file work_25.cif (mmCIF, N, CA and C atoms)
data_coords
#
loop_
_atom_site.group_PDB
_atom_site.id
_atom_site.type_symbol
_atom_site.label_atom_id
_atom_site.label_comp_id
_atom_site.auth_asym_id
_atom_site.auth_seq_id
_atom_site.Cartn_x
_atom_site.Cartn_y
_atom_site.Cartn_z
ATOM 1 N N SER A 17 28.308 200.030 -92.381
ATOM 2 C CA SER A 17 27.840 198.821 -91.715
ATOM 3 C C SER A 17 26.609 198.284 -92.440
ATOM 4 N N ASN A 18 26.493 196.970 -92.500
ATOM 5 C CA ASN A 18 25.325 196.333 -93.116
ATOM 6 C C ASN A 18 24.151 196.224 -92.167
ATOM 7 N N LYS A 19 24.377 196.490 -90.891
ATOM 8 C CA LYS A 19 23.284 196.404 -89.919
ATOM 9 C C LYS A 19 22.435 197.656 -90.026
ATOM 10 N N MET A 20 21.133 197.450 -90.092
ATOM 11 C CA MET A 20 20.206 198.575 -90.186
ATOM 12 C C MET A 20 19.247 198.488 -89.021
ATOM 13 N N ARG A 21 18.585 199.594 -88.740
ATOM 14 C CA ARG A 21 17.688 199.594 -87.597
ATOM 15 C C ARG A 21 16.502 198.670 -87.822
ATOM 16 N N LYS A 22 15.919 198.233 -86.731
ATOM 17 C CA LYS A 22 14.789 197.303 -86.760
ATOM 18 C C LYS A 22 13.690 197.849 -87.666
ATOM 19 N N GLY A 23 13.134 196.977 -88.480
ATOM 20 C CA GLY A 23 12.022 197.361 -89.335
ATOM 21 C C GLY A 23 12.407 197.600 -90.777
ATOM 22 N N TRP A 24 13.689 197.770 -91.056
ATOM 23 C CA TRP A 24 14.130 198.001 -92.429
ATOM 24 C C TRP A 24 14.560 196.691 -93.048
ATOM 25 N N VAL A 25 14.506 196.618 -94.344
ATOM 26 C CA VAL A 25 14.978 195.435 -95.049
ATOM 27 C C VAL A 25 16.458 195.264 -94.764
ATOM 28 N N LYS A 26 16.836 194.066 -94.434
ATOM 29 C CA LYS A 26 18.241 193.751 -94.196
ATOM 30 C C LYS A 26 18.761 193.106 -95.474
ATOM 31 N N ASN A 27 19.227 193.949 -96.409
ATOM 32 C CA ASN A 27 19.570 193.498 -97.751
ATOM 33 C C ASN A 27 20.648 192.429 -97.788
ATOM 34 N N ASP A 28 21.600 192.488 -96.876
ATOM 35 C CA ASP A 28 22.676 191.501 -96.905
ATOM 36 C C ASP A 28 22.161 190.101 -96.604
ATOM 37 N N GLU A 29 21.030 189.987 -95.952
ATOM 38 C CA GLU A 29 20.449 188.691 -95.613
ATOM 39 C C GLU A 29 19.167 188.409 -96.394
ATOM 40 N N GLY A 30 18.632 189.418 -97.077
ATOM 41 C CA GLY A 30 17.369 189.259 -97.783
ATOM 42 C C GLY A 30 16.176 189.142 -96.863
ATOM 43 N N LEU A 31 16.298 189.668 -95.650
ATOM 44 C CA LEU A 31 15.226 189.550 -94.666
ATOM 45 C C LEU A 31 14.498 190.874 -94.488
ATOM 46 N N SER A 32 13.236 190.806 -94.118
ATOM 47 C CA SER A 32 12.436 192.006 -93.914
ATOM 48 C C SER A 32 11.430 191.782 -92.795
ATOM 49 N N GLU A 33 11.047 192.866 -92.140
ATOM 50 C CA GLU A 33 9.977 192.833 -91.148
ATOM 51 C C GLU A 33 8.698 193.431 -91.723
ATOM 52 N N PHE A 34 8.653 193.596 -93.037
ATOM 53 C CA PHE A 34 7.445 194.060 -93.721
ATOM 54 C C PHE A 34 7.039 193.019 -94.741
ATOM 55 N N ALA A 35 5.745 192.729 -94.795
ATOM 56 C CA ALA A 35 5.226 191.715 -95.706
ATOM 57 C C ALA A 35 4.273 192.345 -96.708
ATOM 58 N N PHE A 36 4.165 191.709 -97.849
ATOM 59 C CA PHE A 36 3.253 192.109 -98.915
ATOM 60 C C PHE A 36 1.946 191.336 -98.760
ATOM 61 N N ASN A 37 0.833 192.010 -98.977
ATOM 62 C CA ASN A 37 -0.480 191.369 -98.939
ATOM 63 C C ASN A 37 -0.616 190.501 -100.194
ATOM 64 N N ALA A 38 -0.503 189.205 -100.021
ATOM 65 C CA ALA A 38 -0.473 188.265 -101.140
ATOM 66 C C ALA A 38 -1.760 188.249 -101.962
ATOM 67 N N THR A 39 -2.879 188.704 -101.412
ATOM 68 C CA THR A 39 -4.127 188.714 -102.187
ATOM 69 C C THR A 39 -4.078 189.726 -103.324
ATOM 70 N N LEU A 40 -3.072 190.603 -103.304
ATOM 71 C CA LEU A 40 -2.955 191.646 -104.326
ATOM 72 C C LEU A 40 -1.922 191.319 -105.394
ATOM 73 N N SER A 41 -1.361 190.136 -105.366
ATOM 74 C CA SER A 41 -0.205 189.823 -106.214
ATOM 75 C C SER A 41 -0.473 189.924 -107.710
ATOM 76 N N ASP A 42 -1.692 189.764 -108.153
ATOM 77 C CA ASP A 42 -1.994 189.838 -109.584
ATOM 78 C C ASP A 42 -2.646 191.164 -109.990
ATOM 79 N N MET A 43 -2.587 192.156 -109.101
ATOM 80 C CA MET A 43 -3.266 193.424 -109.374
ATOM 81 C C MET A 43 -2.274 194.558 -109.574
ATOM 82 N N LYS A 44 -2.687 195.533 -110.368
ATOM 83 C CA LYS A 44 -1.954 196.797 -110.470
ATOM 84 C C LYS A 44 -2.468 197.687 -109.351
ATOM 85 N N ARG A 45 -1.589 198.545 -108.829
ATOM 86 C CA ARG A 45 -1.993 199.381 -107.703
ATOM 87 C C ARG A 45 -3.212 200.239 -108.038
ATOM 88 N N ALA A 46 -3.317 200.715 -109.268
ATOM 89 C CA ALA A 46 -4.452 201.546 -109.670
ATOM 90 C C ALA A 46 -5.778 200.798 -109.581
ATOM 91 N N GLU A 47 -5.734 199.470 -109.604
ATOM 92 C CA GLU A 47 -6.947 198.645 -109.515
ATOM 93 C C GLU A 47 -7.346 198.326 -108.079
ATOM 94 N N MET A 48 -6.454 198.582 -107.152
ATOM 95 C CA MET A 48 -6.688 198.212 -105.750
ATOM 96 C C MET A 48 -7.581 199.227 -105.049
ATOM 97 N N PRO A 49 -8.486 198.764 -104.194
ATOM 98 C CA PRO A 49 -9.251 199.705 -103.366
ATOM 99 C C PRO A 49 -8.287 200.503 -102.485
ATOM 100 N N LYS A 50 -8.567 201.760 -102.283
ATOM 101 C CA LYS A 50 -7.656 202.635 -101.544
ATOM 102 C C LYS A 50 -7.417 202.195 -100.109
ATOM 103 N N ASP A 51 -8.393 201.524 -99.511
ATOM 104 C CA ASP A 51 -8.291 201.175 -98.092
ATOM 105 C C ASP A 51 -7.776 199.754 -97.843
ATOM 106 N N VAL A 52 -7.323 199.063 -98.876
ATOM 107 C CA VAL A 52 -6.822 197.701 -98.695
ATOM 108 C C VAL A 52 -5.362 197.745 -98.225
ATOM 109 N N VAL A 53 -4.984 196.810 -97.363
ATOM 110 C CA VAL A 53 -3.613 196.706 -96.858
ATOM 111 C C VAL A 53 -2.704 196.295 -98.013
ATOM 112 N N LEU A 54 -1.602 197.033 -98.195
ATOM 113 C CA LEU A 54 -0.617 196.706 -99.221
ATOM 114 C C LEU A 54 0.619 196.058 -98.584
ATOM 115 N N LEU A 55 1.196 196.738 -97.592
ATOM 116 C CA LEU A 55 2.339 196.222 -96.832
ATOM 117 C C LEU A 55 2.034 196.344 -95.353
ATOM 118 N N PHE A 56 2.608 195.439 -94.555
ATOM 119 C CA PHE A 56 2.349 195.458 -93.119
ATOM 120 C C PHE A 56 3.522 194.830 -92.386
ATOM 121 N N GLU A 57 3.643 195.157 -91.103
ATOM 122 C CA GLU A 57 4.724 194.596 -90.299
ATOM 123 C C GLU A 57 4.458 193.136 -89.962
ATOM 124 N N THR A 58 5.547 192.369 -89.945
ATOM 125 C CA THR A 58 5.486 190.954 -89.631
ATOM 126 C C THR A 58 6.758 190.562 -88.893
ATOM 127 N N LYS A 59 6.890 189.302 -88.575
ATOM 128 C CA LYS A 59 8.140 188.817 -87.976
ATOM 129 C C LYS A 59 9.192 188.719 -89.069
ATOM 130 N N LEU A 60 10.434 188.853 -88.692
ATOM 131 C CA LEU A 60 11.542 188.820 -89.633
ATOM 132 C C LEU A 60 11.509 187.544 -90.465
ATOM 133 N N ALA A 61 11.500 187.697 -91.794
ATOM 134 C CA ALA A 61 11.435 186.554 -92.700
ATOM 135 C C ALA A 61 12.020 186.952 -94.048
ATOM 136 N N LYS A 62 12.268 185.962 -94.878
ATOM 137 C CA LYS A 62 12.773 186.217 -96.220
ATOM 138 C C LYS A 62 11.591 186.382 -97.169
ATOM 139 N N ASN A 63 11.494 187.565 -97.774
ATOM 140 C CA ASN A 63 10.430 187.888 -98.727
ATOM 141 C C ASN A 63 9.037 187.521 -98.217
ATOM 142 N N PRO A 64 8.656 188.018 -97.042
ATOM 143 C CA PRO A 64 7.344 187.634 -96.506
ATOM 144 C C PRO A 64 6.177 188.150 -97.334
ATOM 145 N N ALA A 65 5.206 187.293 -97.543
ATOM 146 C CA ALA A 65 3.958 187.648 -98.220
ATOM 147 C C ALA A 65 2.869 186.769 -97.642
ATOM 148 N N GLY A 66 1.722 187.349 -97.409
ATOM 149 C CA GLY A 66 0.609 186.601 -96.842
ATOM 150 C C GLY A 66 -0.521 187.544 -96.526
ATOM 151 N N GLU A 67 -1.325 187.133 -95.561
ATOM 152 C CA GLU A 67 -2.473 187.935 -95.166
ATOM 153 C C GLU A 67 -2.440 188.161 -93.662
ATOM 154 N N ALA A 68 -3.605 188.326 -93.076
ATOM 155 C CA ALA A 68 -3.744 188.683 -91.665
ATOM 156 C C ALA A 68 -2.994 187.747 -90.723
ATOM 157 N N GLU A 69 -2.794 186.497 -91.120
ATOM 158 C CA GLU A 69 -2.117 185.548 -90.228
ATOM 159 C C GLU A 69 -0.661 185.931 -89.969
ATOM 160 N N LEU A 70 -0.077 186.793 -90.789
ATOM 161 C CA LEU A 70 1.329 187.189 -90.630
ATOM 162 C C LEU A 70 1.531 188.512 -89.886
ATOM 163 N N ILE A 71 0.466 189.276 -89.692
ATOM 164 C CA ILE A 71 0.623 190.589 -89.061
ATOM 165 C C ILE A 71 1.055 190.414 -87.606
ATOM 166 N N THR A 72 1.917 191.309 -87.141
ATOM 167 C CA THR A 72 2.387 191.223 -85.755
ATOM 168 C C THR A 72 2.234 192.558 -85.041
ATOM 169 N N ALA A 73 2.006 192.456 -83.748
ATOM 170 C CA ALA A 73 1.929 193.641 -82.888
ATOM 171 C C ALA A 73 3.115 193.674 -81.939
ATOM 172 N N GLU A 74 4.111 192.847 -82.191
ATOM 173 C CA GLU A 74 5.221 192.656 -81.250
ATOM 174 C C GLU A 74 6.428 193.556 -81.488
ATOM 175 N N ASN A 75 6.432 194.385 -82.521
ATOM 176 C CA ASN A 75 7.609 195.189 -82.842
ATOM 177 C C ASN A 75 7.665 196.535 -82.124
ATOM 178 N N HIS A 76 6.626 196.885 -81.387
ATOM 179 C CA HIS A 76 6.536 198.203 -80.754
ATOM 180 C C HIS A 76 6.053 198.076 -79.307
ATOM 181 N N PRO A 77 6.458 199.010 -78.447
ATOM 182 C CA PRO A 77 5.992 198.985 -77.053
ATOM 183 C C PRO A 77 4.467 199.068 -76.948
ATOM 184 N N ILE A 78 3.860 199.905 -77.794
ATOM 185 C CA ILE A 78 2.403 199.958 -77.885
ATOM 186 C C ILE A 78 2.018 198.878 -78.887
ATOM 187 N N LYS A 79 1.217 197.909 -78.486
ATOM 188 C CA LYS A 79 0.895 196.775 -79.344
ATOM 189 C C LYS A 79 0.166 197.239 -80.606
ATOM 190 N N GLY A 80 0.829 197.080 -81.733
ATOM 191 C CA GLY A 80 0.287 197.472 -83.025
ATOM 192 C C GLY A 80 1.391 197.444 -84.051
ATOM 193 N N CYS A 81 1.085 197.942 -85.260
ATOM 194 C CA CYS A 81 2.109 197.963 -86.300
ATOM 195 C C CYS A 81 1.781 199.015 -87.350
ATOM 196 N N PHE A 82 2.795 199.298 -88.157
ATOM 197 C CA PHE A 82 2.610 200.220 -89.275
ATOM 198 C C PHE A 82 2.086 199.447 -90.472
ATOM 199 N N VAL A 83 1.137 200.084 -91.166
ATOM 200 C CA VAL A 83 0.507 199.496 -92.345
ATOM 201 C C VAL A 83 0.547 200.525 -93.464
ATOM 202 N N LEU A 84 0.942 200.079 -94.660
ATOM 203 C CA LEU A 84 0.868 200.903 -95.859
ATOM 204 C C LEU A 84 -0.353 200.452 -96.638
ATOM 205 N N PHE A 85 -1.231 201.382 -96.936
ATOM 206 C CA PHE A 85 -2.457 201.088 -97.668
ATOM 207 C C PHE A 85 -2.251 201.368 -99.160
ATOM 208 N N ALA A 86 -3.141 200.858 -99.983
ATOM 209 C CA ALA A 86 -2.992 200.970 -101.438
ATOM 210 C C ALA A 86 -2.985 202.414 -101.928
ATOM 211 N N ASP A 87 -3.573 203.338 -101.171
ATOM 212 C CA ASP A 87 -3.536 204.748 -101.579
ATOM 213 C C ASP A 87 -2.242 205.436 -101.132
ATOM 214 N N MET A 88 -1.307 204.641 -100.600
ATOM 215 C CA MET A 88 0.038 205.072 -100.196
ATOM 216 C C MET A 88 0.077 205.833 -98.874
ATOM 217 N N HIS A 89 -0.984 205.807 -98.079
ATOM 218 C CA HIS A 89 -0.882 206.411 -96.751
ATOM 219 C C HIS A 89 -0.472 205.327 -95.761
ATOM 220 N N VAL A 90 0.253 205.756 -94.748
ATOM 221 C CA VAL A 90 0.739 204.861 -93.704
ATOM 222 C C VAL A 90 0.022 205.206 -92.406
ATOM 223 N N ALA A 91 -0.346 204.175 -91.663
ATOM 224 C CA ALA A 91 -0.989 204.391 -90.371
ATOM 225 C C ALA A 91 -0.451 203.373 -89.375
ATOM 226 N N PHE A 92 -0.376 203.803 -88.115
ATOM 227 C CA PHE A 92 -0.076 202.864 -87.042
ATOM 228 C C PHE A 92 -1.411 202.302 -86.587
ATOM 229 N N VAL A 93 -1.562 200.994 -86.696
ATOM 230 C CA VAL A 93 -2.827 200.329 -86.357
ATOM 231 C C VAL A 93 -2.612 199.532 -85.075
ATOM 232 N N ARG A 94 -3.427 199.812 -84.074
ATOM 233 C CA ARG A 94 -3.331 199.080 -82.807
ATOM 234 C C ARG A 94 -3.846 197.651 -82.983
ATOM 235 N N ALA A 95 -3.294 196.752 -82.206
ATOM 236 C CA ALA A 95 -3.635 195.327 -82.312
ATOM 237 C C ALA A 95 -5.142 195.094 -82.212
ATOM 238 N N GLU A 96 -5.823 195.836 -81.361
ATOM 239 C CA GLU A 96 -7.266 195.621 -81.196
ATOM 240 C C GLU A 96 -8.061 196.026 -82.442
ATOM 241 N N ASP A 97 -7.413 196.733 -83.376
ATOM 242 C CA ASP A 97 -8.078 197.141 -84.612
ATOM 243 C C ASP A 97 -7.675 196.296 -85.821
ATOM 244 N N PHE A 98 -6.837 195.289 -85.624
ATOM 245 C CA PHE A 98 -6.400 194.442 -86.739
ATOM 246 C C PHE A 98 -7.580 193.812 -87.476
ATOM 247 N N ASN A 99 -8.623 193.436 -86.749
ATOM 248 C CA ASN A 99 -9.776 192.794 -87.388
ATOM 249 C C ASN A 99 -10.550 193.724 -88.311
ATOM 250 N N ASN A 100 -10.307 195.043 -88.197
ATOM 251 C CA ASN A 100 -10.983 196.013 -89.041
ATOM 252 C C ASN A 100 -10.246 196.284 -90.350
ATOM 253 N N LEU A 101 -9.048 195.703 -90.506
ATOM 254 C CA LEU A 101 -8.280 195.945 -91.737
ATOM 255 C C LEU A 101 -8.882 195.194 -92.912
ATOM 256 N N ARG A 102 -8.778 195.815 -94.083
ATOM 257 C CA ARG A 102 -9.274 195.194 -95.312
ATOM 258 C C ARG A 102 -8.114 194.480 -96.013
ATOM 259 N N TRP A 103 -8.238 193.195 -96.227
ATOM 260 C CA TRP A 103 -7.189 192.380 -96.835
ATOM 261 C C TRP A 103 -7.503 191.987 -98.277
ATOM 262 N N LYS A 104 -8.763 191.906 -98.637
ATOM 263 C CA LYS A 104 -9.144 191.457 -99.984
ATOM 264 C C LYS A 104 -9.682 192.635 -100.800
ATOM 265 N N PRO A 105 -9.336 192.652 -102.082
ATOM 266 C CA PRO A 105 -9.794 193.765 -102.951
ATOM 267 C C PRO A 105 -11.306 193.827 -103.108
#
call {"tool": "encode", "arguments": {"input": "work_25.cif", "output": "structure tokens"}}
result
Amino acid sequence: SNKMRKGWVKNDEGLSEFAFNATLSDMKRAEMPKDVVLLFETKLAKNPAGEAELITAENHPIKGCFVLFADMHVAFVRAEDFNNLRWKP
């Protein structure tokens, strides 16, 4: 089946619920600060990329989302802590 569980890239449609932090588009990962947001949950879209305006807390019963940081660790960040995320290198 082409249907995948919520949160995964839906390759047959080119849609994803994860977005790339667009402020990092011209950087190599080795140049990025370890605590900067690399990927984050967003609303379903085609090739989403942007910054804090795209982050969503609506995909989980507990308001928050999963974030991948430049050092490759993943954390569940609660909505009330979104303002503490680092978006710019």
call {"tool": "residues_around", "arguments": {"input": "work_25.cif", "residues": "A:Ile78", "least_positions_apart": "5", "cutoff": "8 Å", "atoms": "all atoms listed in the file", "output": "ChimeraX atom specification"}}
result
/A:73,93-95
call {"tool": "residues_around", "arguments": {"input": "work_25.cif", "residues": "A:Phe34", "least_positions_apart": "5", "cutoff": "5 Å", "atoms": "only N, CA and C atoms", "output": "PyMOL selection string"}}
result
chain A and resi 56-58
call {"tool": "residues_around", "arguments": {"input": "work_25.cif", "residues": "A:Asp51", "least_positions_apart": "2", "cutoff": "7 Å", "atoms": "all atoms listed in the file", "output": "PyMOL selection string"}}
result
chain A and resi 48-49+53-54+85-87+101-103
call {"tool": "atom_distance", "arguments": {"input": "work_25.cif", "atom1": "atom CA of A:Pro77", "atom2": "atom CA of A:Lys59"}}
result
15.1 Å
call {"tool": "resolve_selection", "arguments": {"input": "work_25.cif", "expression": "the PyMOL selection byres ((chain A and resi 37) around 7)", "output": "MDAnalysis selection string"}}
result
chainID A and resid 35:36 38:41 53:56 64:67
call {"tool": "atom_distance", "arguments": {"input": "work_25.cif", "atom1": "atom CA of A:Met43", "atom2": "atom CA of A:Val90"}}
result
19.8 Å
call {"tool": "atom_distance", "arguments": {"input": "work_25.cif", "atom1": "atom C of A:Lys50", "atom2": "atom N of A:Gly30"}}
result
29.2 Å
call {"tool": "residues_near_point", "arguments": {"input": "work_25.cif", "point": "(14.2, 187.3, -97.5)", "cutoff": "6.5 Å", "atoms": "only N, CA and C atoms", "output": "NGL selection string"}}
result
:A and (29-32 or 61-64)
call {"tool": "closest_residue", "arguments": {"input": "work_25.cif", "among": "A:Val83, A:Thr72, A:Ala46, A:His89", "to": "A:Pro105", "atoms": "only C-alpha atoms"}}
result
A:Ala46
call {"tool": "resolve_selection", "arguments": {"input": "work_25.cif", "expression": "the PyMOL selection byres (((chain A and resi 92 and name CA) around 6) and name CA)", "output": "compact mmCIF listing (two decimals) with N, CA and C atoms, in the coordinates of the input"}}
result
# COMPACT_ATOMS: atom_id res chain seq x y z
N CYS A 81 1.08 197.94 -85.26
CA CYS A 81 2.11 197.96 -86.30
C CYS A 81 1.78 199.02 -87.35
N PHE A 82 2.80 199.30 -88.16
CA PHE A 82 2.61 200.22 -89.28
C PHE A 82 2.09 199.45 -90.47
N ALA A 91 -0.35 204.18 -91.66
CA ALA A 91 -0.99 204.39 -90.37
C ALA A 91 -0.45 203.37 -89.38
N VAL A 93 -1.56 200.99 -86.70
CA VAL A 93 -2.83 200.33 -86.36
C VAL A 93 -2.61 199.53 -85.08
call {"tool": "select_by_dssp", "arguments": {"input": "work_25.cif", "residues": "chain A", "states": "strand (DSSP E)", "output": "PyMOL selection string"}}
result
chain A and resi 31-37+53-62+65-66+80-85+90-94
call {"tool": "select_by_dssp", "arguments": {"input": "work_25.cif", "residues": "chain A", "states": "helix (DSSP H, G or I)", "output": "list in words"}}
result
Ala38, Thr39, Leu40, Arg45, Ala46, Glu47, Ala68, Glu69, Leu70, Ala95, Glu96, Asp97, Phe98, Asn99 and Asn100 of chain A
